[in-house]
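Trainee: Please see the structure below; I have some questions.
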Amino acid sequence: MGRIAGRFARVEPRRRAREFVLGLLSDLPRKNCWTLAEHAGDATPHGLQHLLSRAKWDADAVRDDLRGFVVEELHDKDAVLVVDETGDLKKGTATVGVQRQYTGTAGRIENSQVAVYLAYSSPRGHAAIDRELYVPRSWTQDATRCRLAGIPEEVGFATKPQLAARMINRTLDAGIQAPWVAADEVYGGNPQLRGALEDRQVGYVLAVACDHRIATRAGKVRADALVKKLPKRAWQKLSAGAGAKGHRFYDWALADVADDRPGHRYLLVRRNRSSGELAFYRCYSADPVPLTTLVRVAGRRWTVEETFQTAKGLAGLDEHQVRRWTSWHRWVTLTMLAHAFLAATTAHERGRHPAPDGLIPLTCNEIQHLFTALITAVPPAAHRLGWSDWRRRHQARSRACHYERQATHHP
């Protein structure tokens with residue numbers, strides 16, 4: 001918290017931010033301004049709501065501090081920047097950026113809010129270092145709706161690959177050394193994103209669809225058609241990294257992509273050893289690299305999924321109940337900070353105190369449990385009873401307003 005203290009002009013929001021992050025690190029079953037304020041010992045949630053909506057502090061500046069903290073703690077010369085999006089299911093139409101759209105959280109089209117994240121992934125650990133809220137065209141074409149949600153006038157429509165490029169450029173411009181970028185098909189199929197990375201000579205391993213067309217000396221062909229021409233000796237059994245059940249072995253093959261521009265371009269193919277299912281990746285590197293390097297980078301992409309899982313399960317990334325642009329960015333930034341603390345502490349403890357025989361290494365889950373048990377104090381009973389009264393009073397007002405509105409619309 002000392003790293004971000006200078007981003008707050010007044011002591012009150014600085015203290016609130018610390019209480020907020022401590023609440024996010026707690027074992028509360030549900031994390032919102034009500035539960036976090038009760039955990040902090042406040043009589044009402046108004047202070048934390050003020051922190052998220054009206055207090056004067058710059059969430060983007062805190063994001064920059066967070067990025068520096070993560071890179072400092074998890075630094076590795078072969079680190080990979082991983083891009084992916086995740087969605088939060090929402091009801092209604094007033095929450096910023098919400099509409100019916102596909103989200104991997106549900107695996108189908110749902111009323112949801114989607115954001116693109118950039119994660120820093122290294123052998124020491126991984127954590128999100130940047131975020132961009134996806135604002136659909138249905139929002140950017142409605143100035144009144146944007147104004148009510150607090151979206152700045154200069155914010156226009158941007159695709160998810162454009163948001164990804166914005167975050168990657170911001171990270172590289174800050175002096176962060178990351179030689180590789182990994183992402184799924186949404187980003188691998190975008191030639192503008194690939195071109196932007198090549199212009200900066202940043203290597204990438206980006207997933208593409210089976211019908212993605214690859215340039216060869218004989219012309220352009222589909223990726224799944226090109227793989228049929230590969231000889232049997234082109235396939236190698238390699239591990240994409242260790243998973244929960246051990247190393248994840250696949251068969252891998254590499255084909256050159258015809259291109260006269262500087263650099264080296266490949267089509268990387270992964271084949272499941274049991275089902276035979278294929279996955280395809282567009283790859284680029286400024287200098288020649290072995291197949292094992294590309295496989296390692298492809299295997300790092302899964303770490304962003306674990307980042308989402310732990311940030312949501314341990315720090316409440318998806319539990320916000322905010323509707324406006326500023327509040328969303330502040331909630332998500334502080335949530336990322338809480339998760340980064342867990343990731344950095346886990347890496348630090350694993351490095352200094354390796355697990356003895358018979359114990360697995362410390363995990364973010366166990367670090368949070370120990371932090372809660374050893375650091376967090378339990379509020380007294382009188383405080384809990386006071387909050388019970390406050391919740392019931394607030395809910396009574398909400399019910400009365402709902403009944404009044406219902407009577408007005410349906411007399």
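Going by the structure tokens order, chains are called A, B, ..., each with residues numbered from 1, while ligands are numbered from 1 in the order shown.
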Determine, using only C-alpha atoms, which residues of region 334-400 of chain A have any atom at most 12 Å from an atom of region 46-64 of chain A, and tabulate each with its shortest atom pair and distance in Å to one decimal place, rows ordered by chain and then rising number, as a Markdown table.
Mentor:
```
| residue | atom | partner | partner_atom | distance |
| --- | --- | --- | --- | --- |
| A:Leu334 | CA | A:Val62 | CA | 8.3 |
| A:Thr335 | CA | A:Arg63 | CA | 10.7 |
| A:Met336 | CA | A:Arg63 | CA | 8.5 |
| A:Leu337 | CA | A:Arg63 | CA | 8.1 |
| A:Ala338 | CA | A:Arg63 | CA | 11.9 |
| A:Ala340 | CA | A:Arg63 | CA | 11.2 |
| A:Trp390 | CA | A:His46 | CA | 11.8 |
```
Trainee: What lies within 6 Å of region 149-159 of chain A using only C-alpha atoms, ignoring chain neighbours under 6 positions off, as a VMD selection string?
Mentor: chain A and resid 96 137 140 324 to 325
Trainee: May I have the selected residues written with C-alpha atoms, as a PDB file, in the first residue's frame?
Mentor:
```pdb
ATOM      1  CA  VAL A  96     -21.537   0.486 -18.036  1.00  0.00           C
ATOM      2  CA  ARG A 137     -21.193   0.063 -30.372  1.00  0.00           C
ATOM      3  CA  THR A 140     -20.776   4.492 -28.106  1.00  0.00           C
ATOM      4  CA  ARG A 324     -20.380   3.778 -13.682  1.00  0.00           C
ATOM      5  CA  TRP A 325     -17.116   4.062 -15.633  1.00  0.00           C
TER       6      TRP A 325
END
```
Trainee: Would you mind listing, for every residue of region 358-392 of chain A within 9 Å of region 313-319 of chain A, the two atoms forming the shortest contact and the distance between them in Å to one decimal, using only C-alpha atoms, sorted by chain and ascending residue number, as JSON lines?
Mentor:
```
{"residue": "A:Cys364", "atom": "CA", "partner": "A:Leu314", "partner_atom": "CA", "distance": 8.3}
{"residue": "A:Asn365", "atom": "CA", "partner": "A:Leu314", "partner_atom": "CA", "distance": 7.1}
{"residue": "A:Gln368", "atom": "CA", "partner": "A:Leu314", "partner_atom": "CA", "distance": 7.5}
```
Trainee: Could you dump the residues just selected with C-alpha atoms as a PDB file, in the first residue's frame?
Mentor:
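Everything below was put into again10.pdb:
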```
ATOM      1  CA  CYS A 364      -2.252 -18.081  -3.504  1.00  0.00           C
ATOM      2  CA  ASN A 365      -5.190 -19.772  -1.774  1.00  0.00           C
ATOM      3  CA  GLN A 368      -4.736 -15.751   1.599  1.00  0.00           C
TER       4      GLN A 368
END
```
Trainee: Taking into account only C-alpha atoms, which residue in the set A:Thr171, A:Thr345, A:Gln101, A:Ser122 is nearest to Ala79 (chain A)?
Mentor: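 Looking at the shortest contact to Ala79 (chain A), the residue is A:Ser122.
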Trainee: Using only C-alpha atoms, which protein or nucleic acid residues come within 9 Å of region 89-92 of chain A? Drop anything in the same chain fewer than 2 positions from it, and give the result as a list in words.
Mentor: Gly87, Ala94, Thr95, Val98, Gln99, Thr103, Thr105, Ala106, Glu110, Asn111, Ser112, Gln113, Val114 and Asp318 of chain A
